Amino acid sequence: MPARRRRTRSAPGPYGPYGTDPGRLPELLVLVCSVAAAVVAVAQPLVLGRTVDLLLHDGSAGGWLAASAALLVGEILLDSLTALLTGRCTADWTAAIRSRALTGMLRTVPDPVSRYSPGDIATRLTLNASDAGGVPAARAALAASLITPAGALVALAVVDVWVAACVLAGLPALALVLRAFARDTGTSVRAYQRVQSDIAARLLETVEGAETIAAAGTAVRERERVLMPLTELAELGRRMWVLHGRALATGGVLVPLLTVAATAVGGLRLGAGALSVGELLAVSRYAQLTAGFGGAATLLGALVRGRSARERTTTLERLPALPCGTRTLPPDGPGALELRGVRVLRDGREVLRVGHVVVPGGLSAAVVGRSGAGKSVLAAVAGRLIVPDEGEVLLDGTPLGRLTRSCLRAEVGFAFARPVLGDGTVAEAVAAGARTVSPQRVRQALRVAGADTFVRRLPDRYDTRLADAPLSGGEHQRLGLARAFAHAGRLLVMDDATSSLDTVTEHAVDQALRRSLGASTRLVVAHRPSVAARADLVIWLEGGRVRAVGTHRHLWKQADYRAVFAGEDHGEGPLWTEGGGDGPSRDGMFPARGKVGP
């Protein structure tokens, strides 16, 4: 069956041509051209030898001279075509491998991905993917490189069996050199790639924390930390070059020895009248081609390096995909959220346990607790960014695990503290999501998020490219909120999504959000008491477990609950008090005018 282009299961249609599998055709084309070049290379000494004999005999070679020239030109053209096809094959496979790895990473839940540092992932998607993309072409070239010496040995045996026996006697030594090279190189390459990823991870951490490093005056220390693995990397690099040089040097000694030995035997056979001058010329050339087994060291090294790199990219490609079902939610549901017997484990340690919590549809729930209490874990579980080890999460009575991926992402939205907006325009960033939204919806979402005012001041307003828009942290966060609002379904999960907003802006966004989203249910990770006070109910976490569920007003009577917010600078002055002020909020709390306390 002919090779054909097909889509991989890990690279669906939305990823376009970069998600297609090149198949075996590019490799097959490289192999065919390489083999054709090898056949021409094997035929050329025989034809050239015959041409020389005819010229020496009567001064006319007839069609043999033309054949010899044609073979020479053909070899040049085939080598050029092979180089072109090799580049195309490598480029196609590199793109496919990167797409597979990236798709595997994006289709899984975030928890498995977090085990890899950003620098490690970047190395796997760039350097390792490039090395792995060269494997098919290197494999084809290696096969062709073995055909050339094998064919030359057969042709040598046809010309003179004694010369062939002489060359054959030296080939086991070359085979041992290649075997040792492949074995030792594989270990060194894997270690080298591991240290490369370590350095990349350290460097990326330094770039992200550049301001902190500058403020702390620890630039020298940080430089030493980033460059510390260079010693090991240099040692591994030297070891790889030593192995490569040893293989080439050994081959460089054995190949001339075999050529000299074959030429010597051929000279003796010429003196005995068993060989002609042209045949001696062919024998000498065939001896060189036969010893070309040693020249496979470079291709073998590339193949070993590429296979090791492929193992690293395959790790990302095979990350467990988020399990989804085939059901959709019943129409016009209120968005009721329910967690039943949920447990989440990390490295065997329980980080979250929720017995039974219900958030009625259309209400807002604040998740509060000290640092490390499991707030973000609960938010991720509620939106199925983390699959619980036990228990289930239901939305309008339907387990999230039974929903289709499209339904899940359309009905459950997220807003984060550090949204990733891409490099398009403002309007494109807000419109990107599971739902198709109109320009009017985009502008409405920007107004709700309090972003419309500063967006209108940008050079091209909604069509301003984000790369050309110098945004503050709060403005960047508000664009992320706008995108979440534009695609809001039945449930909106906000994980510290307003941390960069001042309390006045945050309050205005909250009020606009209540009016615009209507009956949508909201789950908000709260660090500020003002956020908890505006919620309809509060889920209080402590040590990964639900300590209590109730209104902020009711829970505020407990000293331990008040201590959750004490000692933290929320940028809003005193916390909360009942009595005085501008009147009660929805849960009976009043804006503070004086001391902290209920």
# chains A, B, ... in the order shown; residues from 1 in each chain; ligands from 1
>>> residues_around(residues="Asp468 of chain A", least_positions_apart="4", cutoff="12 Å", atoms="only C-alpha atoms", output="VMD selection string")
chain A and resid 423 to 426 458 to 461 463 to 464
>>> write_last_selection(atoms="N, CA, C and O atoms", output="PDB file, in the first residue's frame")
ATOM      1  N   ASP A 423      -0.499  36.774  20.880  1.00  0.00           N
ATOM      2  CA  ASP A 423       0.171  37.922  20.255  1.00  0.00           C
ATOM      3  C   ASP A 423      -0.685  38.604  19.189  1.00  0.00           C
ATOM      4  O   ASP A 423      -0.177  39.326  18.346  1.00  0.00           O
ATOM      5  N   GLY A 424      -2.000  38.365  19.222  1.00  0.00           N
ATOM      6  CA  GLY A 424      -2.888  39.000  18.254  1.00  0.00           C
ATOM      7  C   GLY A 424      -3.323  40.372  18.726  1.00  0.00           C
ATOM      8  O   GLY A 424      -2.650  41.045  19.506  1.00  0.00           O
ATOM      9  N   THR A 425      -4.469  40.810  18.254  1.00  0.00           N
ATOM     10  CA  THR A 425      -5.014  42.100  18.662  1.00  0.00           C
ATOM     11  C   THR A 425      -5.805  41.948  19.958  1.00  0.00           C
ATOM     12  O   THR A 425      -6.076  40.831  20.412  1.00  0.00           O
ATOM     13  N   VAL A 426      -6.189  43.078  20.531  1.00  0.00           N
ATOM     14  CA  VAL A 426      -6.993  43.056  21.754  1.00  0.00           C
ATOM     15  C   VAL A 426      -8.301  42.315  21.510  1.00  0.00           C
ATOM     16  O   VAL A 426      -8.710  41.453  22.300  1.00  0.00           O
ATOM     17  N   LEU A 458      -5.828  53.178  23.209  1.00  0.00           N
ATOM     18  CA  LEU A 458      -4.742  52.547  22.462  1.00  0.00           C
ATOM     19  C   LEU A 458      -4.727  53.069  21.021  1.00  0.00           C
ATOM     20  O   LEU A 458      -5.761  53.526  20.508  1.00  0.00           O
ATOM     21  N   PRO A 459      -3.582  52.988  20.342  1.00  0.00           N
ATOM     22  CA  PRO A 459      -3.468  53.561  18.982  1.00  0.00           C
ATOM     23  C   PRO A 459      -4.548  53.090  18.019  1.00  0.00           C
ATOM     24  O   PRO A 459      -5.146  53.898  17.306  1.00  0.00           O
ATOM     25  N   ASP A 460      -4.803  51.786  17.971  1.00  0.00           N
ATOM     26  CA  ASP A 460      -5.814  51.241  17.059  1.00  0.00           C
ATOM     27  C   ASP A 460      -7.008  50.684  17.821  1.00  0.00           C
ATOM     28  O   ASP A 460      -7.726  49.820  17.309  1.00  0.00           O
ATOM     29  N   ARG A 461      -7.173  51.121  19.044  1.00  0.00           N
ATOM     30  CA  ARG A 461      -8.292  50.717  19.892  1.00  0.00           C
ATOM     31  C   ARG A 461      -8.394  49.187  19.954  1.00  0.00           C
ATOM     32  O   ARG A 461      -7.450  48.535  20.368  1.00  0.00           O
ATOM     33  N   ASP A 463      -8.308  47.003  17.692  1.00  0.00           N
ATOM     34  CA  ASP A 463      -7.449  46.303  16.724  1.00  0.00           C
ATOM     35  C   ASP A 463      -5.964  46.517  17.016  1.00  0.00           C
ATOM     36  O   ASP A 463      -5.116  46.180  16.179  1.00  0.00           O
ATOM     37  N   THR A 464      -5.625  47.046  18.154  1.00  0.00           N
ATOM     38  CA  THR A 464      -4.223  47.224  18.537  1.00  0.00           C
ATOM     39  C   THR A 464      -3.612  45.865  18.869  1.00  0.00           C
ATOM     40  O   THR A 464      -4.195  45.077  19.622  1.00  0.00           O
TER      41      THR A 464
END
>>> closest_residue(among="A:Leu243, A:Val39, A:Leu316, A:Leu363", to="Pro334 of chain A", atoms="only C-alpha atoms")
A:Leu363
>>> residues_around(residues="Ala429 of chain A", least_positions_apart="5", cutoff="12 Å", atoms="only C-alpha atoms", output="NGL selection string")
:A and (419-424 or 437 or 439 or 442-443 or 445-446 or 462-467 or 476 or 478-484 or 486-487)
>>> write_last_selection(atoms="C-alpha atoms", output="tab-separated table (two decimals), in the first residue's frame")
chain	number	residue	atom	x	y	z
A	419	PRO	CA	-3.78	35.11	31.72
A	420	VAL	CA	-2.05	34.12	28.48
A	421	LEU	CA	-3.45	36.36	25.75
A	422	GLY	CA	-1.30	35.46	22.74
A	423	ASP	CA	0.17	37.92	20.26
A	424	GLY	CA	-2.89	39.00	18.25
A	437	VAL	CA	-18.51	35.61	20.10
A	439	PRO	CA	-17.70	42.04	18.22
A	442	VAL	CA	-16.33	41.43	22.97
A	443	ARG	CA	-16.90	45.13	23.66
A	445	ALA	CA	-17.07	42.03	28.05
A	446	LEU	CA	-14.38	44.72	27.95
A	462	TYR	CA	-9.70	47.16	19.67
A	463	ASP	CA	-7.45	46.30	16.72
A	464	THR	CA	-4.22	47.22	18.54
A	465	ARG	CA	-1.76	44.35	18.62
A	466	LEU	CA	-0.89	43.27	22.14
A	467	ALA	CA	2.81	43.43	21.30
A	476	HIS	CA	-3.39	42.70	31.37
A	478	ARG	CA	-8.61	42.89	33.01
A	479	LEU	CA	-8.23	41.69	29.42
A	480	GLY	CA	-8.09	38.15	30.77
A	481	LEU	CA	-11.26	38.83	32.75
A	482	ALA	CA	-12.92	40.21	29.63
A	483	ARG	CA	-12.14	37.02	27.73
A	484	ALA	CA	-13.60	34.92	30.55
A	486	ALA	CA	-17.16	36.98	26.86
A	487	HIS	CA	-17.24	33.17	26.94
>>> select_by_dssp(residues="segment 322-465 of chain A", states="strand (DSSP E or B)", output="number ranges by chain")
A: 327, 337-346, 349-359, 364-368, 390-395, 398-399, 403, 412-416, 425, 465
>>> write_last_selection(atoms="C-alpha atoms", output="PDB file, in the first residue's frame")
ATOM      1  CA  ARG A 327     -22.914  13.744  27.010  1.00  0.00           C
ATOM      2  CA  LEU A 337     -22.109  22.886  41.194  1.00  0.00           C
ATOM      3  CA  GLU A 338     -21.716  19.825  43.419  1.00  0.00           C
ATOM      4  CA  LEU A 339     -18.591  18.088  44.750  1.00  0.00           C
ATOM      5  CA  ARG A 340     -19.037  14.586  46.173  1.00  0.00           C
ATOM      6  CA  GLY A 341     -16.328  12.692  48.040  1.00  0.00           C
ATOM      7  CA  VAL A 342     -13.520  14.434  46.174  1.00  0.00           C
ATOM      8  CA  ARG A 343      -9.922  13.542  47.011  1.00  0.00           C
ATOM      9  CA  VAL A 344      -6.785  14.764  45.228  1.00  0.00           C
ATOM     10  CA  LEU A 345      -3.387  13.174  45.838  1.00  0.00           C
ATOM     11  CA  ARG A 346       0.052  14.390  44.833  1.00  0.00           C
ATOM     12  CA  ARG A 349       0.008  12.908  49.792  1.00  0.00           C
ATOM     13  CA  GLU A 350      -3.560  14.138  50.112  1.00  0.00           C
ATOM     14  CA  VAL A 351      -3.813  17.813  49.143  1.00  0.00           C
ATOM     15  CA  LEU A 352      -7.600  18.126  49.005  1.00  0.00           C
ATOM     16  CA  ARG A 353     -10.567  16.335  50.536  1.00  0.00           C
ATOM     17  CA  VAL A 354     -14.145  17.539  50.029  1.00  0.00           C
ATOM     18  CA  GLY A 355     -16.931  15.428  51.493  1.00  0.00           C
ATOM     19  CA  HIS A 356     -20.009  17.102  50.030  1.00  0.00           C
ATOM     20  CA  VAL A 357     -20.307  20.734  48.941  1.00  0.00           C
ATOM     21  CA  VAL A 358     -23.100  22.245  46.846  1.00  0.00           C
ATOM     22  CA  VAL A 359     -23.083  25.692  45.253  1.00  0.00           C
ATOM     23  CA  SER A 364     -21.277  33.077  43.894  1.00  0.00           C
ATOM     24  CA  ALA A 365     -19.016  31.112  46.239  1.00  0.00           C
ATOM     25  CA  ALA A 366     -15.701  32.346  47.611  1.00  0.00           C
ATOM     26  CA  VAL A 367     -12.964  29.814  48.406  1.00  0.00           C
ATOM     27  CA  VAL A 368     -10.812  31.063  51.262  1.00  0.00           C
ATOM     28  CA  GLU A 390     -11.643   9.892  44.092  1.00  0.00           C
ATOM     29  CA  GLY A 391     -15.152  11.269  43.936  1.00  0.00           C
ATOM     30  CA  GLU A 392     -16.822  13.333  41.263  1.00  0.00           C
ATOM     31  CA  VAL A 393     -17.851  16.872  40.379  1.00  0.00           C
ATOM     32  CA  LEU A 394     -21.303  17.519  38.943  1.00  0.00           C
ATOM     33  CA  LEU A 395     -22.717  20.479  37.040  1.00  0.00           C
ATOM     34  CA  THR A 398     -24.168  15.688  35.259  1.00  0.00           C
ATOM     35  CA  PRO A 399     -20.650  14.470  36.173  1.00  0.00           C
ATOM     36  CA  LEU A 403     -19.297  15.700  29.201  1.00  0.00           C
ATOM     37  CA  VAL A 412     -17.089  26.064  32.365  1.00  0.00           C
ATOM     38  CA  GLY A 413     -14.896  29.135  32.039  1.00  0.00           C
ATOM     39  CA  PHE A 414     -11.760  30.219  33.885  1.00  0.00           C
ATOM     40  CA  ALA A 415     -10.054  33.489  34.719  1.00  0.00           C
ATOM     41  CA  PHE A 416      -6.529  33.443  36.152  1.00  0.00           C
ATOM     42  CA  THR A 425      -5.014  42.100  18.662  1.00  0.00           C
ATOM     43  CA  ARG A 465      -1.764  44.350  18.616  1.00  0.00           C
TER      44      ARG A 465
END
>>> select_by_dssp(residues="segment 308-347 of chain A", states="alpha helix (DSSP H)", output="ChimeraX atom specification")
/A:308-317
>>> write_last_selection(atoms="N, CA, C and O atoms", output="PDB file, in the first residue's frame")
ATOM      1  N   SER A 308      17.377   9.358  21.014  1.00  0.00           N
ATOM      2  CA  SER A 308      17.341   9.808  22.406  1.00  0.00           C
ATOM      3  C   SER A 308      16.467  11.049  22.538  1.00  0.00           C
ATOM      4  O   SER A 308      15.676  11.172  23.482  1.00  0.00           O
ATOM      5  N   ALA A 309      16.593  11.969  21.588  1.00  0.00           N
ATOM      6  CA  ALA A 309      15.753  13.165  21.603  1.00  0.00           C
ATOM      7  C   ALA A 309      14.279  12.803  21.394  1.00  0.00           C
ATOM      8  O   ALA A 309      13.387  13.417  21.992  1.00  0.00           O
ATOM      9  N   ARG A 310      14.017  11.810  20.559  1.00  0.00           N
ATOM     10  CA  ARG A 310      12.629  11.396  20.306  1.00  0.00           C
ATOM     11  C   ARG A 310      11.987  10.837  21.571  1.00  0.00           C
ATOM     12  O   ARG A 310      10.787  11.033  21.811  1.00  0.00           O
ATOM     13  N   GLU A 311      12.759  10.155  22.385  1.00  0.00           N
ATOM     14  CA  GLU A 311      12.228   9.661  23.654  1.00  0.00           C
ATOM     15  C   GLU A 311      11.765  10.818  24.534  1.00  0.00           C
ATOM     16  O   GLU A 311      10.737  10.727  25.213  1.00  0.00           O
ATOM     17  N   ARG A 312      12.506  11.925  24.492  1.00  0.00           N
ATOM     18  CA  ARG A 312      12.154  13.079  25.314  1.00  0.00           C
ATOM     19  C   ARG A 312      10.904  13.791  24.795  1.00  0.00           C
ATOM     20  O   ARG A 312      10.071  14.237  25.579  1.00  0.00           O
ATOM     21  N   THR A 313      10.746  13.894  23.482  1.00  0.00           N
ATOM     22  CA  THR A 313       9.535  14.523  22.953  1.00  0.00           C
ATOM     23  C   THR A 313       8.321  13.607  23.102  1.00  0.00           C
ATOM     24  O   THR A 313       7.207  14.080  23.311  1.00  0.00           O
ATOM     25  N   THR A 314       8.554  12.309  23.015  1.00  0.00           N
ATOM     26  CA  THR A 314       7.443  11.358  23.153  1.00  0.00           C
ATOM     27  C   THR A 314       6.859  11.398  24.554  1.00  0.00           C
ATOM     28  O   THR A 314       5.666  11.148  24.751  1.00  0.00           O
ATOM     29  N   THR A 315       7.676  11.733  25.543  1.00  0.00           N
ATOM     30  CA  THR A 315       7.177  11.847  26.911  1.00  0.00           C
ATOM     31  C   THR A 315       6.066  12.883  26.996  1.00  0.00           C
ATOM     32  O   THR A 315       5.047  12.664  27.667  1.00  0.00           O
ATOM     33  N   LEU A 316       6.250  14.018  26.310  1.00  0.00           N
ATOM     34  CA  LEU A 316       5.192  15.033  26.281  1.00  0.00           C
ATOM     35  C   LEU A 316       4.006  14.572  25.437  1.00  0.00           C
ATOM     36  O   LEU A 316       2.846  14.810  25.786  1.00  0.00           O
ATOM     37  N   GLU A 317       4.310  13.920  24.337  1.00  0.00           N
ATOM     38  CA  GLU A 317       3.255  13.477  23.428  1.00  0.00           C
ATOM     39  C   GLU A 317       2.309  12.483  24.098  1.00  0.00           C
ATOM     40  O   GLU A 317       1.103  12.458  23.814  1.00  0.00           O
TER      41      GLU A 317
END
>>> residues_around(residues="Thr404 of chain A", least_positions_apart="2", cutoff="6 Å", atoms="only C-alpha atoms", output="short mmCIF file (atom, residue, chain, number, x, y, z; two decimals) with C-alpha atoms, in the first residue's frame")
data_model
loop_
_atom_site.label_atom_id
_atom_site.label_comp_id
_atom_site.auth_asym_id
_atom_site.auth_seq_id
_atom_site.Cartn_x
_atom_site.Cartn_y
_atom_site.Cartn_z
CA CYS A 324 -14.04 13.13 28.37
CA GLY A 325 -17.45 11.61 27.73
CA THR A 326 -20.17 11.92 25.14
CA ARG A 327 -22.91 13.74 27.01
CA SER A 406 -16.45 21.03 23.67
CA CYS A 407 -19.40 21.14 26.06
#
>>> residues_around(residues="segment 143-148 of chain A", least_positions_apart="3", cutoff="12 Å", atoms="only C-alpha atoms", output="VMD selection string")
chain A and resid 27 to 44 79 82 136 to 140 151 to 156 175 285 to 300 303
>>> closest_residue(among="A:Gly401, A:Leu268, A:Gly369, A:Ala382", to="Phe565 of chain A", atoms="only C-alpha atoms")
A:Gly369
>>> atom_distance(atom1="atom CA of Pro45 of chain A", atom2="atom CA of Leu85 of chain A")
26.3 Å
>>> residues_around(residues="His552 of chain A", least_positions_apart="4", cutoff="8 Å", atoms="only C-alpha atoms", output="PyMOL selection string")
chain A and resi 532-533+535+537-538+556+587
>>> atom_distance(atom1="atom CA of Pro360 of chain A", atom2="atom CA of Asp332 of chain A")
14.4 Å
>>> atom_distance(atom1="atom CA of Gly267 of chain A", atom2="atom CA of Leu280 of chain A")
7.1 Å
>>> residues_around(residues="segment 203-219 of chain A", least_positions_apart="6", cutoff="8 Å", atoms="only C-alpha atoms", output="list in words")
Pro118, Gly119 and Val226 of chain A
>>> write_last_selection(atoms="N, CA and C atoms", output="PDB file, in the first residue's frame")
ATOM      1  N   PRO A 118       9.542  24.863  32.783  1.00  0.00           N
ATOM      2  CA  PRO A 118       9.374  25.529  31.478  1.00  0.00           C
ATOM      3  C   PRO A 118      10.613  25.405  30.591  1.00  0.00           C
ATOM      4  N   GLY A 119      11.795  25.503  31.199  1.00  0.00           N
ATOM      5  CA  GLY A 119      13.017  25.367  30.408  1.00  0.00           C
ATOM      6  C   GLY A 119      13.165  23.982  29.817  1.00  0.00           C
ATOM      7  N   VAL A 226      23.090  29.539  37.403  1.00  0.00           N
ATOM      8  CA  VAL A 226      22.682  29.154  36.044  1.00  0.00           C
ATOM      9  C   VAL A 226      23.796  28.387  35.345  1.00  0.00           C
TER      10      VAL A 226
END
